[in-house]
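Structure data follow from structure-v4.txt (compact mmCIF, C-alpha atoms):
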```
# COMPACT_ATOMS: atom_id res chain seq x y z
CA MET A 1 6.25 -33.45 34.72
CA LEU A 2 7.83 -33.69 31.25
CA GLN A 3 5.64 -36.68 30.42
CA LYS A 4 2.52 -34.67 31.32
CA PHE A 5 3.69 -31.93 28.97
CA PHE A 6 4.09 -34.40 26.07
CA ASN A 7 0.75 -36.03 26.90
CA TRP A 8 -0.87 -32.63 26.45
CA PHE A 9 0.05 -32.81 22.74
CA LYS A 10 -1.37 -36.27 22.12
CA PRO A 11 -4.31 -36.45 19.68
CA LEU A 12 -7.70 -36.71 21.32
CA PRO A 13 -9.16 -40.25 21.15
CA PRO A 14 -12.53 -40.90 19.51
CA ALA A 15 -15.41 -39.86 21.75
CA ALA A 16 -16.96 -42.63 23.83
CA GLU A 17 -20.40 -41.86 22.43
CA LYS A 18 -21.01 -41.17 18.74
CA ILE A 19 -23.69 -38.75 17.63
CA THR A 20 -26.16 -40.63 15.45
CA ASP A 21 -29.01 -38.16 14.96
CA LYS A 22 -28.59 -36.61 11.50
CA ALA A 23 -30.01 -33.24 12.50
CA GLU A 24 -27.64 -33.07 15.47
CA ILE A 25 -24.69 -34.12 13.30
CA ASP A 26 -25.52 -31.31 10.83
CA LYS A 27 -25.81 -28.82 13.68
CA GLN A 28 -22.54 -29.86 15.32
CA TYR A 29 -20.60 -29.97 12.04
CA LYS A 30 -21.79 -26.47 11.14
CA ARG A 31 -20.94 -25.20 14.63
CA TRP A 32 -17.48 -26.75 14.81
CA ARG A 33 -16.47 -25.86 11.27
CA MET A 34 -17.38 -22.23 11.84
CA LYS A 35 -15.45 -22.14 15.13
CA LEU A 36 -12.44 -23.87 13.60
CA PHE A 37 -12.34 -21.61 10.54
CA ILE A 38 -12.64 -18.41 12.59
CA SER A 39 -10.00 -19.64 15.06
CA ALA A 40 -7.65 -20.65 12.26
CA TYR A 41 -8.11 -17.26 10.59
CA ILE A 42 -7.57 -15.17 13.73
CA GLY A 43 -4.83 -17.46 14.97
CA TYR A 44 -2.81 -17.36 11.75
CA ALA A 45 -3.25 -13.60 11.43
CA MET A 46 -1.80 -13.29 14.93
CA TYR A 47 1.07 -15.62 14.01
CA TYR A 48 1.93 -13.08 11.33
CA VAL A 49 1.65 -10.17 13.76
CA THR A 50 4.25 -11.79 16.05
CA ARG A 51 6.45 -12.72 13.09
CA GLN A 52 6.29 -9.71 10.76
CA ASN A 53 6.44 -6.93 13.36
CA LEU A 54 10.19 -6.51 12.87
CA ASN A 55 9.94 -5.38 9.25
CA PRO A 56 8.01 -2.10 9.79
CA ILE A 57 10.47 -0.94 12.49
CA ALA A 58 13.68 -2.38 11.03
CA HIS A 59 15.23 1.08 10.70
CA VAL A 60 14.55 1.91 14.37
CA PHE A 61 15.54 -1.58 15.53
CA LYS A 62 18.94 -1.36 13.83
CA ALA A 63 19.65 2.10 15.21
CA GLU A 64 18.61 1.24 18.78
CA THR A 65 20.41 -2.12 18.97
CA GLY A 66 23.50 -0.88 17.15
CA ILE A 67 23.71 -3.79 14.71
CA THR A 68 25.01 -3.32 11.17
CA ASN A 69 23.21 -4.01 7.90
CA GLU A 70 25.28 -7.18 7.50
CA GLN A 71 24.33 -8.38 10.99
CA PHE A 72 20.68 -7.61 10.40
CA GLY A 73 20.77 -9.51 7.11
CA LEU A 74 22.43 -12.48 8.79
CA MET A 75 19.83 -12.51 11.57
CA VAL A 76 16.98 -12.51 9.06
CA SER A 77 18.62 -15.18 6.86
CA VAL A 78 19.32 -17.57 9.73
CA SER A 79 15.79 -17.19 11.08
CA LEU A 80 14.34 -17.77 7.60
CA ILE A 81 16.28 -21.04 7.29
CA ALA A 82 14.97 -22.07 10.72
CA TYR A 83 11.43 -21.29 9.60
CA GLY A 84 11.74 -23.32 6.41
CA ILE A 85 13.21 -26.38 8.13
CA GLY A 86 10.78 -25.91 11.02
CA LYS A 87 7.76 -26.15 8.73
CA PHE A 88 8.76 -29.67 7.69
CA VAL A 89 9.63 -30.77 11.23
CA SER A 90 6.48 -29.17 12.64
CA GLY A 91 4.47 -30.87 9.91
CA MET A 92 5.68 -34.28 11.02
CA LEU A 93 4.97 -33.47 14.66
CA ALA A 94 1.55 -31.95 13.92
CA ASP A 95 0.40 -35.11 12.13
CA LYS A 96 0.68 -36.93 15.44
CA SER A 97 -0.53 -34.12 17.70
CA ASN A 98 -3.69 -32.50 19.00
CA ILE A 99 -4.61 -29.68 16.58
CA ARG A 100 -5.77 -27.35 19.35
CA VAL A 101 -2.70 -27.69 21.57
CA PHE A 102 -0.15 -27.58 18.75
CA LEU A 103 -1.62 -24.42 17.21
CA ALA A 104 -1.97 -22.63 20.56
CA PHE A 105 1.46 -23.61 21.90
CA GLY A 106 3.41 -22.30 18.90
CA LEU A 107 1.69 -18.91 19.13
CA MET A 108 2.09 -18.79 22.91
CA ALA A 109 5.83 -19.51 22.74
CA SER A 110 6.39 -16.96 19.96
CA SER A 111 4.38 -14.36 21.90
CA VAL A 112 6.46 -14.85 25.06
CA ILE A 113 9.65 -14.24 23.06
CA ASN A 114 8.08 -11.04 21.68
CA LEU A 115 7.55 -9.74 25.21
CA PHE A 116 11.28 -9.38 25.90
CA PHE A 117 12.87 -9.45 22.44
CA GLY A 118 12.96 -5.66 22.03
CA TYR A 119 15.01 -5.29 25.22
CA LEU A 120 17.90 -7.50 24.01
CA HIS A 121 21.08 -5.78 22.83
CA SER A 122 23.53 -8.64 22.39
CA PHE A 123 23.72 -9.59 18.71
CA LEU A 124 24.13 -13.25 19.63
CA LEU A 125 20.98 -13.18 21.78
CA LEU A 126 19.06 -11.34 19.06
CA VAL A 127 19.97 -14.06 16.55
CA ILE A 128 19.19 -16.90 18.98
CA PHE A 129 15.79 -15.62 20.06
CA TRP A 130 14.60 -14.40 16.66
CA THR A 131 15.57 -17.79 15.25
CA LEU A 132 13.65 -19.46 18.08
CA ASN A 133 10.71 -17.19 17.31
CA GLN A 134 10.72 -18.34 13.69
CA ALA A 135 11.01 -21.97 14.79
CA PHE A 136 7.87 -21.60 16.92
CA GLN A 137 6.22 -19.69 14.07
CA SER A 138 6.59 -22.81 11.93
CA MET A 139 4.02 -24.49 14.21
CA GLY A 140 1.21 -22.31 12.84
CA PHE A 141 0.51 -23.70 9.39
CA PRO A 142 0.72 -27.53 9.86
CA PRO A 143 -2.18 -27.91 12.35
CA ILE A 144 -4.32 -25.62 10.19
CA ALA A 145 -3.59 -27.88 7.20
CA ARG A 146 -4.94 -30.73 9.35
CA ILE A 147 -8.09 -28.72 10.10
CA PHE A 148 -8.85 -28.45 6.39
CA ALA A 149 -7.97 -32.09 5.71
CA TYR A 150 -10.10 -33.47 8.56
CA TRP A 151 -13.04 -31.04 8.62
CA PHE A 152 -13.54 -29.97 4.97
CA SER A 153 -14.09 -32.35 2.06
CA PRO A 154 -12.02 -32.18 -1.16
CA LYS A 155 -15.00 -30.70 -3.02
CA GLU A 156 -15.03 -27.54 -0.88
CA ARG A 157 -11.48 -27.37 0.44
CA ALA A 158 -9.95 -25.02 -2.14
CA SER A 159 -12.40 -22.14 -1.61
CA LYS A 160 -12.26 -22.44 2.19
CA TRP A 161 -8.47 -22.80 2.24
CA THR A 162 -7.79 -19.80 0.01
CA LEU A 163 -10.25 -17.64 1.95
CA TRP A 164 -8.40 -18.54 5.15
CA ALA A 165 -5.05 -17.76 3.50
CA SER A 166 -5.99 -14.08 3.31
CA ALA A 167 -5.30 -14.07 7.08
CA HIS A 168 -1.62 -13.46 6.41
CA THR A 169 -2.44 -10.15 4.67
CA VAL A 170 -4.57 -9.14 7.66
CA GLY A 171 -1.73 -10.07 10.03
CA ILE A 172 0.85 -8.08 8.08
CA SER A 173 -1.50 -5.08 8.00
CA ILE A 174 -2.13 -5.26 11.76
CA ALA A 175 1.61 -5.47 12.42
CA ALA A 176 2.25 -2.41 10.22
CA ILE A 177 -0.58 -0.37 11.77
CA LEU A 178 0.50 -1.30 15.31
CA ALA A 179 4.10 -0.33 14.56
CA ALA A 180 3.12 2.97 12.95
CA ALA A 181 0.84 3.90 15.87
CA ILE A 182 3.46 3.12 18.53
CA LEU A 183 6.27 4.91 16.71
CA LYS A 184 3.99 7.92 16.32
CA LEU A 185 3.15 7.90 20.03
CA THR A 186 6.83 7.77 21.03
CA ASP A 187 7.08 11.37 19.80
CA THR A 188 4.33 12.61 22.14
CA VAL A 189 4.08 10.17 25.07
CA PRO A 190 7.37 9.91 27.02
CA TRP A 191 6.76 6.49 28.59
CA ILE A 192 5.95 4.75 25.30
CA GLN A 193 9.00 3.08 23.74
CA TRP A 194 9.60 1.45 20.36
CA GLN A 195 9.94 -1.92 22.14
CA PHE A 196 6.19 -1.79 22.78
CA VAL A 197 5.71 -2.96 19.18
CA PHE A 198 6.97 -6.37 20.30
CA VAL A 199 5.36 -6.20 23.74
CA PHE A 200 1.85 -5.44 22.45
CA SER A 201 2.25 -8.08 19.72
CA GLY A 202 3.15 -10.59 22.43
CA ILE A 203 0.16 -9.65 24.57
CA LEU A 204 -2.23 -9.98 21.63
CA GLY A 205 -0.64 -13.32 20.76
CA ILE A 206 -1.07 -14.71 24.28
CA ILE A 207 -4.73 -13.64 24.37
CA THR A 208 -5.27 -15.34 21.00
CA SER A 209 -3.59 -18.51 22.27
CA PHE A 210 -6.20 -18.83 25.01
CA PHE A 211 -8.92 -18.10 22.46
CA ILE A 212 -7.63 -21.04 20.37
CA LEU A 213 -7.57 -23.36 23.39
CA LYS A 214 -11.20 -22.49 24.10
CA ASN A 215 -12.58 -22.72 20.56
CA VAL A 216 -10.58 -25.39 18.72
CA THR A 217 -10.88 -29.16 18.99
CA ASP A 218 -9.09 -32.04 17.28
CA THR A 219 -10.71 -34.36 14.70
CA PRO A 220 -14.48 -34.84 14.12
CA GLU A 221 -14.27 -38.28 15.71
CA SER A 222 -12.92 -36.73 18.92
CA VAL A 223 -16.26 -34.94 19.45
CA GLY A 224 -18.44 -37.87 18.45
CA LEU A 225 -18.97 -36.90 14.80
CA PRO A 226 -18.43 -39.09 11.72
CA SER A 227 -15.44 -38.42 9.49
CA VAL A 228 -15.88 -35.68 6.90
CA GLU A 229 -15.83 -38.33 4.13
CA GLU A 230 -18.77 -40.13 5.72
CA TYR A 231 -20.59 -36.92 6.52
CA MET A 232 -20.20 -35.37 3.05
CA ASN A 233 -20.48 -38.73 1.26
CA VAL A 234 -17.21 -38.27 -0.63
CA GLN A 235 -13.92 -40.09 -0.81
CA GLN A 236 -10.39 -38.75 -0.44
CA LEU A 237 -8.07 -38.99 -3.44
CA VAL A 238 -5.44 -40.89 -1.43
CA VAL A 239 -6.41 -43.19 1.43
CA LYS A 240 -4.11 -45.01 3.82
CA GLU A 241 -4.05 -48.73 3.05
CA LYS A 242 -4.64 -51.25 5.82
CA LYS A 243 -1.33 -52.96 5.11
CA ASP A 244 0.49 -49.73 6.01
CA GLY A 245 -0.31 -50.32 9.67
CA ASP A 246 0.04 -47.58 12.28
CA SER A 247 3.69 -46.68 11.73
CA TYR A 248 3.97 -42.97 10.99
CA MET A 249 7.40 -43.42 9.39
CA THR A 250 5.81 -45.83 6.92
CA LEU A 251 3.22 -43.20 6.04
CA LEU A 252 5.87 -40.49 5.80
CA ARG A 253 8.05 -42.58 3.52
CA LYS A 254 5.24 -43.88 1.28
CA TYR A 255 2.95 -40.88 1.00
CA VAL A 256 5.42 -37.99 1.30
CA LEU A 257 9.12 -38.73 0.80
CA THR A 258 8.70 -41.22 -2.06
CA ASN A 259 5.54 -39.64 -3.47
CA LYS A 260 6.67 -38.20 -6.81
CA TYR A 261 3.69 -35.86 -6.97
CA ILE A 262 4.64 -34.23 -3.66
CA TRP A 263 8.14 -33.61 -5.04
CA ILE A 264 6.81 -32.23 -8.33
CA LEU A 265 4.42 -29.81 -6.64
CA SER A 266 7.04 -28.81 -4.07
CA VAL A 267 9.41 -27.75 -6.86
CA ALA A 268 6.49 -25.87 -8.46
CA PHE A 269 6.03 -24.19 -5.08
CA LEU A 270 9.70 -23.17 -5.17
CA CYS A 271 9.01 -21.48 -8.52
CA VAL A 272 6.03 -19.57 -7.07
CA TYR A 273 8.01 -18.38 -4.07
CA PHE A 274 10.92 -17.34 -6.26
CA VAL A 275 8.64 -14.95 -8.13
CA ARG A 276 6.92 -13.88 -4.90
CA TYR A 277 10.15 -13.01 -3.10
CA VAL A 278 11.74 -11.38 -6.13
CA THR A 279 8.74 -9.04 -6.08
CA LEU A 280 8.77 -8.54 -2.29
CA SER A 281 12.54 -8.06 -2.05
CA TRP A 282 13.44 -6.23 -5.25
CA ALA A 283 10.37 -4.37 -6.53
CA ALA A 284 11.03 -1.21 -4.52
CA ILE A 285 14.65 -1.09 -5.67
CA PHE A 286 13.56 -1.72 -9.26
CA LEU A 287 10.99 1.08 -9.10
CA GLU A 288 13.60 3.45 -7.70
CA SER A 289 15.88 2.57 -10.64
CA ARG A 290 13.01 3.57 -12.93
CA GLU A 291 13.04 6.99 -11.20
CA LEU A 292 9.71 6.86 -9.41
CA SER A 293 9.54 9.16 -6.40
CA LYS A 294 10.57 7.67 -3.05
CA ALA A 295 7.25 8.64 -1.49
CA SER A 296 5.16 6.92 -4.18
CA ILE A 297 7.01 3.59 -4.11
CA PRO A 298 5.60 2.29 -0.77
CA LEU A 299 2.06 3.21 -1.85
CA ILE A 300 2.46 1.40 -5.16
CA PHE A 301 4.06 -1.59 -3.42
CA THR A 302 1.10 -2.09 -1.04
CA LEU A 303 -1.08 -3.00 -4.04
CA ASN A 304 0.84 -6.26 -4.37
CA PRO A 305 -0.19 -8.00 -1.10
CA LEU A 306 -3.63 -6.37 -0.91
CA VAL A 307 -4.72 -7.46 -4.38
CA GLY A 308 -2.88 -10.75 -3.81
CA ALA A 309 -5.36 -11.78 -1.13
CA LEU A 310 -8.20 -11.29 -3.62
CA GLY A 311 -6.32 -13.38 -6.17
CA GLY A 312 -6.02 -16.31 -3.78
CA ILE A 313 -9.71 -16.23 -2.87
CA THR A 314 -10.69 -16.05 -6.55
CA ALA A 315 -8.47 -19.04 -7.35
CA GLY A 316 -10.20 -21.12 -4.69
CA ILE A 317 -13.69 -20.21 -5.93
CA LEU A 318 -12.72 -21.07 -9.52
CA THR A 319 -11.30 -24.40 -8.39
CA ASP A 320 -14.39 -25.48 -6.45
CA LYS A 321 -17.17 -23.88 -8.50
CA VAL A 322 -15.85 -24.11 -12.07
CA PHE A 323 -13.37 -27.01 -12.10
CA ARG A 324 -15.11 -29.25 -9.50
CA GLY A 325 -12.20 -29.30 -7.06
CA ARG A 326 -9.41 -29.68 -9.65
CA CYS A 327 -6.53 -27.32 -8.87
CA SER A 328 -4.34 -27.91 -11.95
CA PRO A 329 -6.34 -25.81 -14.48
CA VAL A 330 -6.36 -22.78 -12.20
CA ASN A 331 -2.68 -23.19 -11.29
CA ILE A 332 -1.70 -23.35 -14.96
CA LEU A 333 -3.85 -20.31 -15.82
CA TYR A 334 -2.37 -18.30 -12.96
CA PHE A 335 1.22 -19.25 -13.84
CA VAL A 336 0.72 -18.09 -17.44
CA LEU A 337 -0.86 -14.79 -16.40
CA LEU A 338 1.83 -14.31 -13.74
CA ALA A 339 4.53 -14.57 -16.41
CA ILE A 340 2.69 -12.00 -18.55
CA SER A 341 2.32 -9.70 -15.53
CA ALA A 342 6.03 -9.92 -14.70
CA TYR A 343 6.91 -9.05 -18.30
CA GLY A 344 4.44 -6.16 -18.32
CA PHE A 345 5.81 -4.81 -15.05
CA TYR A 346 9.35 -4.82 -16.45
CA CYS A 347 8.27 -3.11 -19.68
CA PHE A 348 5.97 -0.41 -18.32
CA ALA A 349 7.10 0.42 -14.77
CA GLY A 350 8.09 4.07 -14.52
CA PRO A 351 6.83 7.63 -13.96
CA SER A 352 5.51 7.83 -17.53
CA HIS A 353 3.17 4.87 -16.98
CA VAL A 354 2.11 5.08 -13.34
CA ALA A 355 -1.28 3.48 -14.00
CA TRP A 356 0.32 0.52 -15.79
CA THR A 357 2.94 0.28 -13.05
CA CYS A 358 0.20 -0.03 -10.44
CA PHE A 359 -1.79 -2.46 -12.59
CA PHE A 360 1.07 -4.88 -13.18
CA ILE A 361 2.44 -4.92 -9.63
CA ALA A 362 -1.10 -5.60 -8.43
CA ALA A 363 -1.49 -8.32 -11.09
CA ILE A 364 1.71 -10.00 -9.91
CA GLY A 365 0.29 -10.14 -6.39
CA PHE A 366 -3.05 -11.43 -7.67
CA PHE A 367 -1.57 -14.26 -9.74
CA VAL A 368 1.14 -15.24 -7.24
CA ASP A 369 -1.40 -15.89 -4.51
CA GLY A 370 -3.35 -18.39 -6.62
CA PRO A 371 -0.74 -21.16 -6.94
CA GLN A 372 0.83 -20.13 -3.62
CA ASN A 373 -2.38 -21.31 -1.94
CA LEU A 374 -3.68 -23.92 -4.36
CA LEU A 375 -0.47 -25.94 -4.51
CA ASN A 376 -0.88 -26.63 -0.80
CA VAL A 377 -4.50 -27.62 -1.40
CA GLN A 378 -3.40 -29.89 -4.25
CA ILE A 379 -0.78 -31.51 -2.05
CA SER A 380 -3.46 -32.19 0.59
CA PHE A 381 -5.33 -34.16 -2.10
CA LEU A 382 -2.31 -36.23 -3.14
CA THR A 383 -1.34 -37.54 0.28
CA THR A 384 -3.28 -39.13 3.13
CA LYS A 385 -5.03 -37.19 5.86
CA GLU A 386 -2.64 -38.78 8.33
CA SER A 387 0.41 -37.26 6.60
CA VAL A 388 -1.03 -34.00 5.22
CA ALA A 389 0.78 -31.69 7.67
CA ALA A 390 4.17 -33.24 6.89
CA ALA A 391 3.49 -33.06 3.14
CA CYS A 392 2.56 -29.38 3.34
CA GLY A 393 5.55 -28.74 5.60
CA PHE A 394 7.83 -30.45 3.08
CA CYS A 395 6.38 -28.19 0.40
CA GLY A 396 6.99 -25.19 2.67
CA LEU A 397 10.66 -26.11 2.95
CA PHE A 398 10.96 -25.78 -0.84
CA ALA A 399 9.14 -22.46 -0.67
CA TYR A 400 11.86 -20.91 1.45
CA ILE A 401 14.57 -22.37 -0.75
CA GLY A 402 12.82 -20.37 -3.46
CA GLY A 403 12.86 -17.36 -1.18
CA PHE A 404 16.60 -17.78 -0.59
CA LEU A 405 17.23 -18.03 -4.34
CA ALA A 406 15.16 -14.89 -4.87
CA GLY A 407 17.48 -13.03 -2.53
CA SER A 408 20.99 -14.30 -3.26
CA GLY A 409 20.24 -15.70 -6.71
CA ALA A 410 18.48 -12.60 -8.00
CA SER A 411 21.36 -10.40 -6.81
CA VAL A 412 23.79 -12.46 -8.92
CA ILE A 413 21.46 -12.30 -11.92
CA LEU A 414 21.07 -8.54 -11.46
CA ASN A 415 24.84 -8.01 -11.40
CA HIS A 416 25.39 -10.04 -14.57
CA TRP A 417 22.26 -9.49 -16.68
CA GLY A 418 20.51 -6.49 -15.15
CA TRP A 419 16.80 -6.12 -14.48
CA ALA A 420 15.93 -7.85 -17.75
CA GLY A 421 17.65 -10.97 -16.42
CA VAL A 422 15.79 -10.76 -13.10
CA PHE A 423 12.35 -10.58 -14.70
CA ASN A 424 13.25 -13.15 -17.36
CA SER A 425 14.15 -15.51 -14.51
CA CYS A 426 10.64 -14.95 -13.12
CA ILE A 427 9.14 -15.82 -16.50
CA ILE A 428 11.28 -18.97 -16.70
CA ALA A 429 10.14 -19.94 -13.18
CA CYS A 430 6.50 -19.60 -14.33
CA ILE A 431 7.15 -21.77 -17.41
CA VAL A 432 8.77 -24.45 -15.24
CA GLY A 433 5.80 -24.20 -12.88
CA VAL A 434 3.36 -24.83 -15.75
CA LEU A 435 5.34 -27.86 -16.97
CA LEU A 436 5.45 -29.34 -13.48
CA VAL A 437 1.73 -28.88 -12.83
CA LEU A 438 0.94 -30.43 -16.22
CA THR A 439 2.52 -33.70 -15.04
CA VAL A 440 -0.06 -33.88 -12.24
CA VAL A 441 -3.15 -33.26 -14.40
CA LYS A 442 -3.65 -36.92 -15.32
CA LYS A 443 -3.34 -38.05 -11.71
CA GLU A 444 -5.75 -35.35 -10.54
CA ASN A 445 -8.29 -36.13 -13.27
CA ARG A 446 -8.19 -39.85 -12.53
CA ASP A 447 -8.47 -39.46 -8.76
CA VAL A 448 -10.67 -36.39 -8.51
CA PRO A 449 -12.83 -36.63 -5.37
CA VAL A 450 -16.24 -38.05 -6.18
CA HIS A 451 -19.41 -38.76 -4.28
CA ASN A 452 -19.66 -42.29 -3.00
CA LYS A 453 -22.46 -44.35 -4.45
CA LYS A 454 -24.91 -45.72 -1.97
```

Will you turn the file into structure tokens for me?
Amino acid sequence: MLQKFFNWFKPLPPAAEKITDKAEIDKQYKRWRMKLFISAYIGYAMYYVTRQNLNPIAHVFKAETGITNEQFGLMVSVSLIAYGIGKFVSGMLADKSNIRVFLAFGLMASSVINLFFGYLHSFLLLVIFWTLNQAFQSMGFPPIARIFAYWFSPKERASKWTLWASAHTVGISIAAILAAAILKLTDTVPWIQWQFVFVFSGILGIITSFFILKNVTDTPESVGLPSVEEYMNVQQLVVKEKKDGDSYMTLLRKYVLTNKYIWILSVAFLCVYFVRYVTLSWAAIFLESRELSKASIPLIFTLNPLVGALGGITAGILTDKVFRGRCSPVNILYFVLLAISAYGFYCFAGPSHVAWTCFFIAAIGFFVDGPQNLLNVQISFLTTKESVAAACGFCGLFAYIGGFLAGSGASVILNHWGWAGVFNSCIIACIVGVLLVLTVVKKENRDVPVHNKK
């Protein structure tokens, strides 16, 4: 029984019959890429619904379960660590798994936990199951990274990837709207309870899991199509050498763990996430210290993620259409403008400059989302297709180290150097990010994906 379960995750073998008719290949590639992109978008949005539904009802959750602020903080911190480590572990597993099954199973397992999570009252059980939820949540991104590596060529990957990345904003918005609607109904409909936020999220997640199983496949070869490199007549930047053999640990060691460019970009990713989480975690408190009204702060804050999605999409279009697939120029530009935005936000935020306050918090979101998405794209170029999920998962681990530093680290900085120190640390993070990306420019320029000559 257990062996059958593991066999379910095995990658699909190449199809017995290959499609050779060019018109049919074009038709099938267009069909599958559309289905895969839509499924990845809806699927990842739903991952966020079943992951971020706690935040909008945190005040009710704490009151109903009876946990303290310290316990709530501990629960969130432990689950965040599990998510960060899980992204790397899931990346390694996803590289050797069926894309369809891996993506669907993580969402299914997370959704099942959502069904009963709201009815738990033991603090220990709350920690255990929310941590498990985050562990299963880490299964969402790695198989999607494989979709882009196997189905989209380097020349088009950035624009497609960054467009898909806006799914997390959609997911967060759905979670917030669902929570607001249910909490509103609890005042008028006696049988509706706050726990329904988790229950409905779980139901939606389960439905989406079956949608993924129906509409997603594995690699192009598994459905009889040529590889994307052959189809698009391009070459990958990094290709597995024949002498590497079939050992995954060899690939992991050579193309991820000892790949200096993966380490460099992962640390740059830490810098991005430090700025991102400083904004997410501290902006509301900072705005309150500048004496903005409590009612206006949430409205101003929503500009950050909403405009951020547009920033990520713009970064992808610039990369593909202006810089011919090179991510470094756009990452450097965004880091510089992010530093300027952070400085402007610190200088102008306040009731006397509401328009500038809105502009700069929106600008921070816009310029954070560029490198947040493109660094993953860049990493997918600098490793092999066979190790791309692990490489992106490794990068994700650094991201949540950055998130941890933005929480605990920024609180120490705030206590010693005030808000000037907090925003100066963001500017320093951007400068470090620029310096790190600059070290990759030569490699990217030398190995930029090009069309094969026939």

Rounded to one decimal place, report the atom CA of Phe152 of chain A-atom CA of Val228 of chain A distance in Å.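 Computing the Euclidean distance for atom CA of Phe152 of chain A and atom CA of Val228 of chain A yields 6.5 Å.
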
Residue neighbourhood Gln236 of chain A, 8 Å, only C-alpha atoms, exclusion window fewer than 2 positions, as a ChimeraX atom specification: /A:153-154,229,234,238-239,381,384,449

Convert the current residue selection to file output with C-alpha atoms, as a PDB file, in the frame of the given file.
```
ATOM      1  CA  SER A 153     -14.090 -32.350   2.060  1.00  0.00           C
ATOM      2  CA  PRO A 154     -12.020 -32.180  -1.160  1.00  0.00           C
ATOM      3  CA  GLU A 229     -15.830 -38.330   4.130  1.00  0.00           C
ATOM      4  CA  VAL A 234     -17.210 -38.270  -0.630  1.00  0.00           C
ATOM      5  CA  VAL A 238      -5.440 -40.890  -1.430  1.00  0.00           C
ATOM      6  CA  VAL A 239      -6.410 -43.190   1.430  1.00  0.00           C
ATOM      7  CA  PHE A 381      -5.330 -34.160  -2.100  1.00  0.00           C
ATOM      8  CA  THR A 384      -3.280 -39.130   3.130  1.00  0.00           C
ATOM      9  CA  PRO A 449     -12.830 -36.630  -5.370  1.00  0.00           C
TER      10      PRO A 449
END
```

Which one of A:Ser289, A:Gln134, A:Asn373, A:Ser408 sits closest to Thr162 of chain A if you count only C-alpha atoms? A:Asn373

Compare A:Ile174, A:Leu12, A:Leu337, A:Leu292 by their minimum atom-to-atom distance to Lys96 of chain A, counting only C-alpha atoms, and give me the closest one. A:Leu12

Test item: which residues lie within 9 Å of (7.1, -10.5, -10.6) counting only C-alpha atoms, as an NGL selection string: :A and (274-280 or 283 or 338-339 or 341-343 or 345-346 or 360-361 or 363-365 or 368 or 423 or 426-427)

Nearby residues (all atoms listed in the file) at most 9 Å from Phe198 of chain A, same-chain spacing under 3 positions excluded, as an mmCIF file with C-alpha atoms, in the frame of the given file:
```
data_model
loop_
_atom_site.group_PDB
_atom_site.id
_atom_site.type_symbol
_atom_site.label_atom_id
_atom_site.label_comp_id
_atom_site.auth_asym_id
_atom_site.auth_seq_id
_atom_site.Cartn_x
_atom_site.Cartn_y
_atom_site.Cartn_z
ATOM 1 C CA THR A 50 4.250 -11.790 16.050
ATOM 2 C CA ASN A 53 6.440 -6.930 13.360
ATOM 3 C CA LEU A 54 10.190 -6.510 12.870
ATOM 4 C CA SER A 111 4.380 -14.360 21.900
ATOM 5 C CA ILE A 113 9.650 -14.240 23.060
ATOM 6 C CA ASN A 114 8.080 -11.040 21.680
ATOM 7 C CA LEU A 115 7.550 -9.740 25.210
ATOM 8 C CA PHE A 116 11.280 -9.380 25.900
ATOM 9 C CA PHE A 117 12.870 -9.450 22.440
ATOM 10 C CA GLY A 118 12.960 -5.660 22.030
ATOM 11 C CA ALA A 179 4.100 -0.330 14.560
ATOM 12 C CA TRP A 194 9.600 1.450 20.360
ATOM 13 C CA GLN A 195 9.940 -1.920 22.140
ATOM 14 C CA SER A 201 2.250 -8.080 19.720
ATOM 15 C CA GLY A 202 3.150 -10.590 22.430
ATOM 16 C CA ILE A 203 0.160 -9.650 24.570
#
```

Where is the centre and how long are the edges: axis-aligned box on segment 111-120 of chain A, 6 Å on each side, Å to one decimal, as JSON:
```
{"center_x": 11.1, "center_y": -10.1, "center_z": 23.8, "size_x": 25.5, "size_y": 21.6, "size_z": 16.2}
```

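For the atom pair formed by atom CA of Gly312 of chain A and atom CA of Asp369 of chain A, the distance is 4.7 Å, given to one decimal.
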
Which polymer residues have any atom within 9 Å of an atom of Ser166 of chain A, counting all atoms listed in the file, with same-chain residues fewer than 4 positions away left out, as a VMD selection string? chain A and resid 41 45 162 170 to 171 308 to 310 312 to 313

Saved selection, atoms kept: C-alpha atoms, as a PDB file, in the coordinates of the input:
```
ATOM      1  CA  TYR A  41      -8.110 -17.260  10.590  1.00  0.00           C
ATOM      2  CA  ALA A  45      -3.250 -13.600  11.430  1.00  0.00           C
ATOM      3  CA  THR A 162      -7.790 -19.800   0.010  1.00  0.00           C
ATOM      4  CA  VAL A 170      -4.570  -9.140   7.660  1.00  0.00           C
ATOM      5  CA  GLY A 171      -1.730 -10.070  10.030  1.00  0.00           C
ATOM      6  CA  GLY A 308      -2.880 -10.750  -3.810  1.00  0.00           C
ATOM      7  CA  ALA A 309      -5.360 -11.780  -1.130  1.00  0.00           C
ATOM      8  CA  LEU A 310      -8.200 -11.290  -3.620  1.00  0.00           C
ATOM      9  CA  GLY A 312      -6.020 -16.310  -3.780  1.00  0.00           C
ATOM     10  CA  ILE A 313      -9.710 -16.230  -2.870  1.00  0.00           C
TER      11      ILE A 313
END
```

Quick one: pull the distance between atom CA of Val330 of chain A and atom CA of Ile317 of chain A, Å, one decimal. 10.0 Å

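Distance check against Lys30 of chain A using only C-alpha atoms: of A:Leu225, A:Leu265, A:Ala420, A:Ala58, the minimum falls on A:Leu225.
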
Please determine, counting only C-alpha atoms, which residue among A:Gly140, A:Ile207, A:Thr302, A:Lys385 has the shortest atom-to-atom distance to Ala176 of chain A.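 Among the listed residues, A:Thr302 lies closest to Ala176 of chain A.
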